[in-house]
Amino acid sequence: MNDNYSYTFGKKVYDLSARTHVMGVINVTPDSFSDGGKFMDPKSAIAHGKEMESLGVDFIEVGGASTRPGAEEVSAAEELKRVIPVINALAKEVNIPISVDTYRAEVADEALKAGALIVNDISAFGFDSAMAETIAKHNASAVAMHIKGTPKDMQNDPQYDDLMAEVITYFENVAWKANVAGIKQVIIDPGIGFGKTVEHNLQIIKNLNDLKRLDTPIMIGVSRKSMIAKILNNEEVNDRHEGTITLNTIAVLNGAHIIRVHDVKEGVRTARVIDAYRKA
């Protein structure tokens, strides 16, 4: 098993196993569950990305299509219109890698041309057959996520016979697809909330170490998710900070290498405190 995940993103080289890395999220969408509508103006999105870098994040991710439960699809043209101006500007103005959150090869292609270095695909190359080849063509990196179903139907009574075994088998297939396509750097994300109940999500976080047999860096995305509201019986999206910090802490101690967050100051501080604890 590899204990040194030295990954190259453009001019940046990160040893993802040396410390906890943080990905900050910018949703340029009107309907994302967390910050929908807040960064629709490219200027505000670009300013937010620059602020994220100043606060110490390692990656910035730009997404132009909501994948919340029940989300309706937007056209590729609309998704491109939202993300490309932001990626284009940020690629010139920040010194950290940019990721595009999309499951469309067409959007990934244009985003990588605009300066993105990573494609975060919620379907792990499953929704668009050209995705893996597109990522490889640009010599880009991939974040491949586990999902059961599609955003529109994934939360309609998701069931598993053996949750962790199914997730591991899924990622073994993803690794095979990436290898065949020629993708050299893959990060896996077990997909908290994507075709899973609260209990499923907690089981994954509790057993995250099981994914280490896949010998790939692990990213976790729990930020402001509805599982926190269900545990705390509080539906206010912007009142999930403590739950996010707690789950991120548990996930990192159980094997996550990257935490994907909306609240970057809290995320970076969480990572630094965990790393100090682990080195003690």
# chains A, B, ... in the order shown; residues from 1 in each chain; ligands from 1
$ residues_around --residues "Arg240 in chain A" --least-positions-apart "3" --cutoff "7 Å" --atoms "only C-alpha atoms" --output "ChimeraX atom specification"
/A:224,228,237,243-244
$ residues_around --residues "Thr150 in chain A" --least-positions-apart "6" --cutoff "9 Å" --atoms "only C-alpha atoms" --output "ChimeraX atom specification"
/A:67,69-70,123,127,194-195
$ closest_residue --among "A:Lys137, A:Lys152, A:Lys43, A:His262" --to "Phe59 in chain A" --atoms "only C-alpha atoms"
A:His262
$ select_by_dssp --residues "range 104-204 of chain A" --states "strand (DSSP E)" --output "PDB file with C-alpha atoms, in the first residue's frame"
ATOM      1  CA  ILE A 118      -8.935  18.555 -12.290  1.00  0.00           C
ATOM      2  CA  VAL A 119     -12.357  17.194 -13.247  1.00  0.00           C
ATOM      3  CA  ASN A 120     -14.616  16.169 -10.377  1.00  0.00           C
ATOM      4  CA  ASP A 121     -17.183  13.822 -11.916  1.00  0.00           C
ATOM      5  CA  SER A 141      -6.515  14.606 -12.834  1.00  0.00           C
ATOM      6  CA  ALA A 142      -9.861  13.110 -11.904  1.00  0.00           C
ATOM      7  CA  VAL A 143     -11.964  13.032  -8.776  1.00  0.00           C
ATOM      8  CA  ALA A 144     -14.253  10.030  -9.207  1.00  0.00           C
ATOM      9  CA  MET A 145     -17.283   9.851  -6.933  1.00  0.00           C
ATOM     10  CA  VAL A 186      -7.304   9.682  -9.600  1.00  0.00           C
ATOM     11  CA  ILE A 187      -8.794  10.735  -6.268  1.00  0.00           C
ATOM     12  CA  ILE A 188     -11.865   8.865  -5.006  1.00  0.00           C
ATOM     13  CA  ASP A 189     -14.866  10.296  -3.166  1.00  0.00           C
TER      14      ASP A 189
END
$ atom_distance --atom1 "CA of Asp15 in chain A" --atom2 "CA of Asp109 in chain A"
26.3 Å
$ residues_around --residues "Ala136 in chain A" --least-positions-apart "4" --cutoff "7 Å" --atoms "only C-alpha atoms" --output "ChimeraX atom specification"
/A:132,140,181-183
$ write_last_selection --atoms "C-alpha atoms" --output "PDB file, in the first residue's frame"
ATOM      1  CA  ALA A 132     -12.408   9.458 -19.116  1.00  0.00           C
ATOM      2  CA  ALA A 140      -5.639  16.156 -16.185  1.00  0.00           C
ATOM      3  CA  ALA A 181      -8.192   5.688 -20.706  1.00  0.00           C
ATOM      4  CA  GLY A 182      -4.735   6.719 -19.519  1.00  0.00           C
ATOM      5  CA  ILE A 183      -5.678   8.915 -16.559  1.00  0.00           C
TER       6      ILE A 183
END
$ atom_distance --atom1 "CA of Leu16 in chain A" --atom2 "CA of Val252 in chain A"
11.9 Å
$ decode --residues "range 59-79 of chain A" --atoms "N, CA and C atoms" --output "JSON list (two decimals), in the first residue's frame"
[["chain", "number", "residue", "atom", "x", "y", "z"],
["A", 59, "PHE", "N", -7.13, 23.71, -3.16],
["A", 59, "PHE", "CA", -7.81, 23.60, -4.45],
["A", 59, "PHE", "C", -9.04, 24.50, -4.43],
["A", 60, "ILE", "N", -9.42, 24.99, -5.61],
["A", 60, "ILE", "CA", -10.70, 25.68, -5.77],
["A", 60, "ILE", "C", -11.52, 24.90, -6.77],
["A", 61, "GLU", "N", -12.76, 24.62, -6.42],
["A", 61, "GLU", "CA", -13.63, 23.89, -7.36],
["A", 61, "GLU", "C", -14.79, 24.77, -7.79],
["A", 62, "VAL", "N", -15.03, 24.81, -9.10],
["A", 62, "VAL", "CA", -16.11, 25.60, -9.69],
["A", 62, "VAL", "C", -17.13, 24.65, -10.29],
["A", 63, "GLY", "N", -18.41, 24.83, -9.90],
["A", 63, "GLY", "CA", -19.48, 23.99, -10.43],
["A", 63, "GLY", "C", -20.61, 24.82, -10.98],
["A", 64, "GLY", "N", -21.14, 24.40, -12.14],
["A", 64, "GLY", "CA", -22.20, 25.18, -12.79],
["A", 64, "GLY", "C", -23.52, 24.47, -12.95],
["A", 65, "ALA", "N", -23.65, 23.29, -12.32],
["A", 65, "ALA", "CA", -24.93, 22.55, -12.39],
["A", 65, "ALA", "C", -25.16, 21.88, -11.05],
["A", 66, "SER", "N", -26.26, 22.19, -10.41],
["A", 66, "SER", "CA", -26.55, 21.60, -9.10],
["A", 66, "SER", "C", -26.76, 20.11, -9.22],
["A", 67, "THR", "N", -26.19, 19.36, -8.27],
["A", 67, "THR", "CA", -26.40, 17.91, -8.22],
["A", 67, "THR", "C", -27.04, 17.53, -6.88],
["A", 68, "ARG", "N", -27.74, 18.48, -6.28],
["A", 68, "ARG", "CA", -28.46, 18.18, -5.05],
["A", 68, "ARG", "C", -29.55, 17.15, -5.34],
["A", 69, "PRO", "N", -30.04, 16.42, -4.32],
["A", 69, "PRO", "CA", -31.12, 15.45, -4.55],
["A", 69, "PRO", "C", -32.33, 16.11, -5.22],
["A", 70, "GLY", "N", -32.80, 15.49, -6.30],
["A", 70, "GLY", "CA", -33.96, 15.99, -7.02],
["A", 70, "GLY", "C", -33.65, 17.05, -8.04],
["A", 71, "ALA", "N", -32.38, 17.40, -8.22],
["A", 71, "ALA", "CA", -32.01, 18.49, -9.13],
["A", 71, "ALA", "C", -32.38, 18.15, -10.57],
["A", 72, "GLU", "N", -32.87, 19.16, -11.27],
["A", 72, "GLU", "CA", -33.14, 19.04, -12.70],
["A", 72, "GLU", "C", -31.86, 19.35, -13.47],
["A", 73, "GLU", "N", -31.70, 18.73, -14.63],
["A", 73, "GLU", "CA", -30.52, 19.00, -15.46],
["A", 73, "GLU", "C", -30.59, 20.39, -16.08],
["A", 74, "VAL", "N", -29.42, 21.01, -16.22],
["A", 74, "VAL", "CA", -29.33, 22.23, -17.02],
["A", 74, "VAL", "C", -28.62, 21.85, -18.32],
["A", 75, "SER", "N", -28.75, 22.67, -19.34],
["A", 75, "SER", "CA", -28.12, 22.37, -20.62],
["A", 75, "SER", "C", -26.61, 22.54, -20.50],
["A", 76, "ALA", "N", -25.88, 21.87, -21.39],
["A", 76, "ALA", "CA", -24.43, 22.02, -21.43],
["A", 76, "ALA", "C", -24.05, 23.46, -21.73],
["A", 77, "ALA", "N", -24.83, 24.09, -22.60],
["A", 77, "ALA", "CA", -24.54, 25.49, -22.97],
["A", 77, "ALA", "C", -24.64, 26.40, -21.76],
["A", 78, "GLU", "N", -25.67, 26.19, -20.93],
["A", 78, "GLU", "CA", -25.84, 27.01, -19.74],
["A", 78, "GLU", "C", -24.73, 26.74, -18.73],
["A", 79, "GLU", "N", -24.37, 25.47, -18.58],
["A", 79, "GLU", "CA", -23.29, 25.11, -17.65],
["A", 79, "GLU", "C", -21.98, 25.77, -18.08]]
